[in-house]
Amino acid sequence: MDERSTAVILLAGGEARRLPGKLERPIDGQPLILRCFRNLRASGIPIYVAAKQRFSPDVDAELDAPFLIDPDPGGGPLRAFASACDAIRAERVFAVAADQPHLEASVLRRLLAAWQPGDEAVVPIHDERIEPLAALYDRAAVVREEPGLRQDGKAAMHELVKRLAARFVPIEAEHFYNVNRPSDLAGAAVRG
């Protein structure tokens, strides 16, 4: 598969009600979003940052990626992802939540290598759980399915996966640690 036909959409526009400002909170001395961005940038795949607004000037200066400002913030990750998919032209897109400090480029490469003709999604699975916010999607399939999901009142990424021809790839759970509460910050530090 040609990696030039693939992009990463780093979803960074959530409300973070349990931990306001979490994406700019320091993890090992760098803001969480920069940690995630740098981990993924090592894949060599172009990254777009989907957000409801820009970050602080210091963080913005370090995010060497195009910003896709959500025209309808507050609609959840599925709506933000579909909006970003409308704005770019890559054939395949990774949906990645920006609060996963342990997600590494090697995971993206494994998902990309698993893609087969006919797939509309390649989704990590561990402990009988899927990770739709660290998965690879056919951009046209996302654009096709999201309006119907919204009309049906289904706004979860899990619902999108159910509607797609999805391949599930076992990947170690440790890669998908996410930060949602103040107590999660300690676990986000570099693993020994």
# chains A, B, ... in the order shown; residues from 1 in each chain; ligands from 1
call {"tool": "select_by_dssp", "arguments": {"residues": "segment 64-145 of chain A", "states": "alpha helix (DSSP H)", "output": "VMD selection string"}}
result
chain A and resid 76 to 87 105 to 114 139 to 145
call {"tool": "residues_around", "arguments": {"residues": "Ala141 of chain A", "least_positions_apart": "2", "cutoff": "10 Å", "atoms": "only C-alpha atoms", "output": "compact mmCIF listing (two decimals) with N, CA and C atoms, in the first residue's frame"}}
result
# COMPACT_ATOMS: atom_id res chain seq x y z
N ALA A 82 -15.39 12.69 10.85
CA ALA A 82 -16.04 12.79 9.54
C ALA A 82 -15.82 14.17 8.92
N CYS A 85 -12.40 14.19 7.61
CA CYS A 85 -12.33 13.37 6.40
C CYS A 85 -12.87 14.13 5.18
N GLU A 91 -6.81 8.46 0.77
CA GLU A 91 -7.72 7.33 0.63
C GLU A 91 -8.03 6.67 1.97
N ARG A 92 -7.00 6.54 2.79
CA ARG A 92 -7.15 5.91 4.11
C ARG A 92 -6.71 6.89 5.17
N ASP A 119 -11.14 -4.02 2.63
CA ASP A 119 -11.26 -3.51 4.00
C ASP A 119 -11.77 -2.07 3.98
N GLU A 120 -12.61 -1.76 4.96
CA GLU A 120 -13.04 -0.38 5.18
C GLU A 120 -12.53 0.15 6.52
N ALA A 121 -11.98 -0.75 7.31
CA ALA A 121 -11.36 -0.36 8.58
C ALA A 121 -10.43 -1.48 9.03
N TYR A 137 -9.05 3.77 8.67
CA TYR A 137 -10.35 3.74 7.98
C TYR A 137 -10.21 4.12 6.51
N ASP A 138 -11.13 3.60 5.71
CA ASP A 138 -11.31 4.07 4.35
C ASP A 138 -12.06 5.39 4.44
N ARG A 139 -11.43 6.45 3.97
CA ARG A 139 -12.02 7.79 4.12
C ARG A 139 -13.40 7.88 3.47
N VAL A 143 -17.10 8.95 5.23
CA VAL A 143 -17.96 10.03 4.70
C VAL A 143 -19.32 9.47 4.31
N ARG A 144 -19.36 8.26 3.79
CA ARG A 144 -20.61 7.61 3.38
C ARG A 144 -21.50 7.27 4.59
N GLU A 145 -20.92 6.74 5.64
CA GLU A 145 -21.70 6.19 6.77
C GLU A 145 -22.06 7.20 7.85
N GLU A 146 -21.25 8.21 8.06
CA GLU A 146 -21.47 9.12 9.20
C GLU A 146 -22.82 9.83 9.15
N LEU A 160 -19.65 3.25 14.08
CA LEU A 160 -19.07 3.33 12.74
C LEU A 160 -18.40 2.01 12.38
N ARG A 163 -20.62 -0.72 11.10
CA ARG A 163 -21.17 -0.55 9.76
C ARG A 163 -20.16 -0.78 8.65
N LEU A 164 -18.92 -0.98 9.00
CA LEU A 164 -17.87 -1.10 7.99
C LEU A 164 -17.36 -2.54 7.88
N ALA A 165 -16.77 -2.85 6.75
CA ALA A 165 -16.07 -4.12 6.58
C ALA A 165 -14.74 -3.97 7.34
call {"tool": "closest_residue", "arguments": {"among": "A:Leu10, A:Met157, A:Val169, A:Ala189", "to": "Pro31 of chain A", "atoms": "only C-alpha atoms"}}
result
A:Ala189
call {"tool": "select_by_dssp", "arguments": {"residues": "chain A", "states": "strand (DSSP E or B)", "output": "PyMOL selection string"}}
result
chain A and resi 6-11+26-27+30-31+47-51+67-69+92-97+121-126+129-130+134-138+166-170
call {"tool": "write_last_selection", "arguments": {"atoms": "C-alpha atoms", "output": "PDB file, in the first residue's frame"}}
result
ATOM      1  CA  THR A   6      -2.730   7.589   3.941  1.00  0.00           C
ATOM      2  CA  ALA A   7      -2.996  10.328   6.583  1.00  0.00           C
ATOM      3  CA  VAL A   8      -3.408  10.593  10.346  1.00  0.00           C
ATOM      4  CA  ILE A   9      -6.181  12.705  11.835  1.00  0.00           C
ATOM      5  CA  LEU A  10      -5.143  13.538  15.390  1.00  0.00           C
ATOM      6  CA  LEU A  11      -8.433  14.231  17.168  1.00  0.00           C
ATOM      7  CA  PRO A  26       2.896  18.112  30.780  1.00  0.00           C
ATOM      8  CA  ILE A  27       3.843  14.467  30.460  1.00  0.00           C
ATOM      9  CA  GLN A  30       6.149  18.056  27.250  1.00  0.00           C
ATOM     10  CA  PRO A  31       2.466  18.736  26.609  1.00  0.00           C
ATOM     11  CA  ILE A  47      -0.662  14.268  10.214  1.00  0.00           C
ATOM     12  CA  TYR A  48      -3.604  16.666  10.437  1.00  0.00           C
ATOM     13  CA  VAL A  49      -4.706  18.078  13.788  1.00  0.00           C
ATOM     14  CA  ALA A  50      -8.499  18.219  14.126  1.00  0.00           C
ATOM     15  CA  ALA A  51      -9.471  20.607  16.911  1.00  0.00           C
ATOM     16  CA  PHE A  67      -5.019  22.300  11.524  1.00  0.00           C
ATOM     17  CA  LEU A  68      -8.579  21.328  10.650  1.00  0.00           C
ATOM     18  CA  ILE A  69     -10.836  23.467  12.829  1.00  0.00           C
ATOM     19  CA  ARG A  92      -7.149   5.906   4.105  1.00  0.00           C
ATOM     20  CA  VAL A  93      -7.109   7.807   7.381  1.00  0.00           C
ATOM     21  CA  PHE A  94      -6.117   6.947  10.899  1.00  0.00           C
ATOM     22  CA  ALA A  95      -8.417   8.260  13.612  1.00  0.00           C
ATOM     23  CA  VAL A  96      -6.219   8.846  16.652  1.00  0.00           C
ATOM     24  CA  ALA A  97      -7.306  10.389  19.938  1.00  0.00           C
ATOM     25  CA  ALA A 121     -11.365  -0.364   8.583  1.00  0.00           C
ATOM     26  CA  VAL A 122      -8.454  -2.019  10.358  1.00  0.00           C
ATOM     27  CA  VAL A 123      -9.025  -1.794  14.090  1.00  0.00           C
ATOM     28  CA  PRO A 124      -6.814  -2.826  17.028  1.00  0.00           C
ATOM     29  CA  ILE A 125      -8.323  -5.330  19.453  1.00  0.00           C
ATOM     30  CA  HIS A 126      -7.116  -6.450  22.878  1.00  0.00           C
ATOM     31  CA  ARG A 129     -12.095  -4.596  23.297  1.00  0.00           C
ATOM     32  CA  ILE A 130     -11.659  -2.630  20.123  1.00  0.00           C
ATOM     33  CA  ALA A 134      -6.449   4.303  17.143  1.00  0.00           C
ATOM     34  CA  ALA A 135      -7.643   2.683  13.916  1.00  0.00           C
ATOM     35  CA  LEU A 136      -7.301   2.957  10.143  1.00  0.00           C
ATOM     36  CA  TYR A 137     -10.345   3.739   7.979  1.00  0.00           C
ATOM     37  CA  ASP A 138     -11.305   4.065   4.347  1.00  0.00           C
ATOM     38  CA  ALA A 166     -13.604  -4.185   9.469  1.00  0.00           C
ATOM     39  CA  ARG A 167     -10.516  -6.283  10.063  1.00  0.00           C
ATOM     40  CA  PHE A 168      -9.432  -6.659  13.696  1.00  0.00           C
ATOM     41  CA  VAL A 169      -5.737  -6.861  14.555  1.00  0.00           C
ATOM     42  CA  PRO A 170      -4.579  -8.023  17.993  1.00  0.00           C
TER      43      PRO A 170
END
call {"tool": "atom_distance", "arguments": {"atom1": "atom CA of Ile45 of chain A", "atom2": "atom CA of Ala80 of chain A"}}
result
19.9 Å
call {"tool": "closest_residue", "arguments": {"among": "A:Glu104, A:Ala12, A:Ala84, A:Leu78", "to": "Leu63 of chain A", "atoms": "only C-alpha atoms"}}
result
A:Ala12
call {"tool": "closest_residue", "arguments": {"among": "A:Ala98, A:Ala173, A:Leu34, A:Ala156", "to": "Asp64 of chain A", "atoms": "only C-alpha atoms"}}
result
A:Leu34
call {"tool": "closest_residue", "arguments": {"among": "A:Arg110, A:Arg79, A:Tyr177, A:Arg25", "to": "Lys154 of chain A", "atoms": "only C-alpha atoms"}}
result
A:Arg79
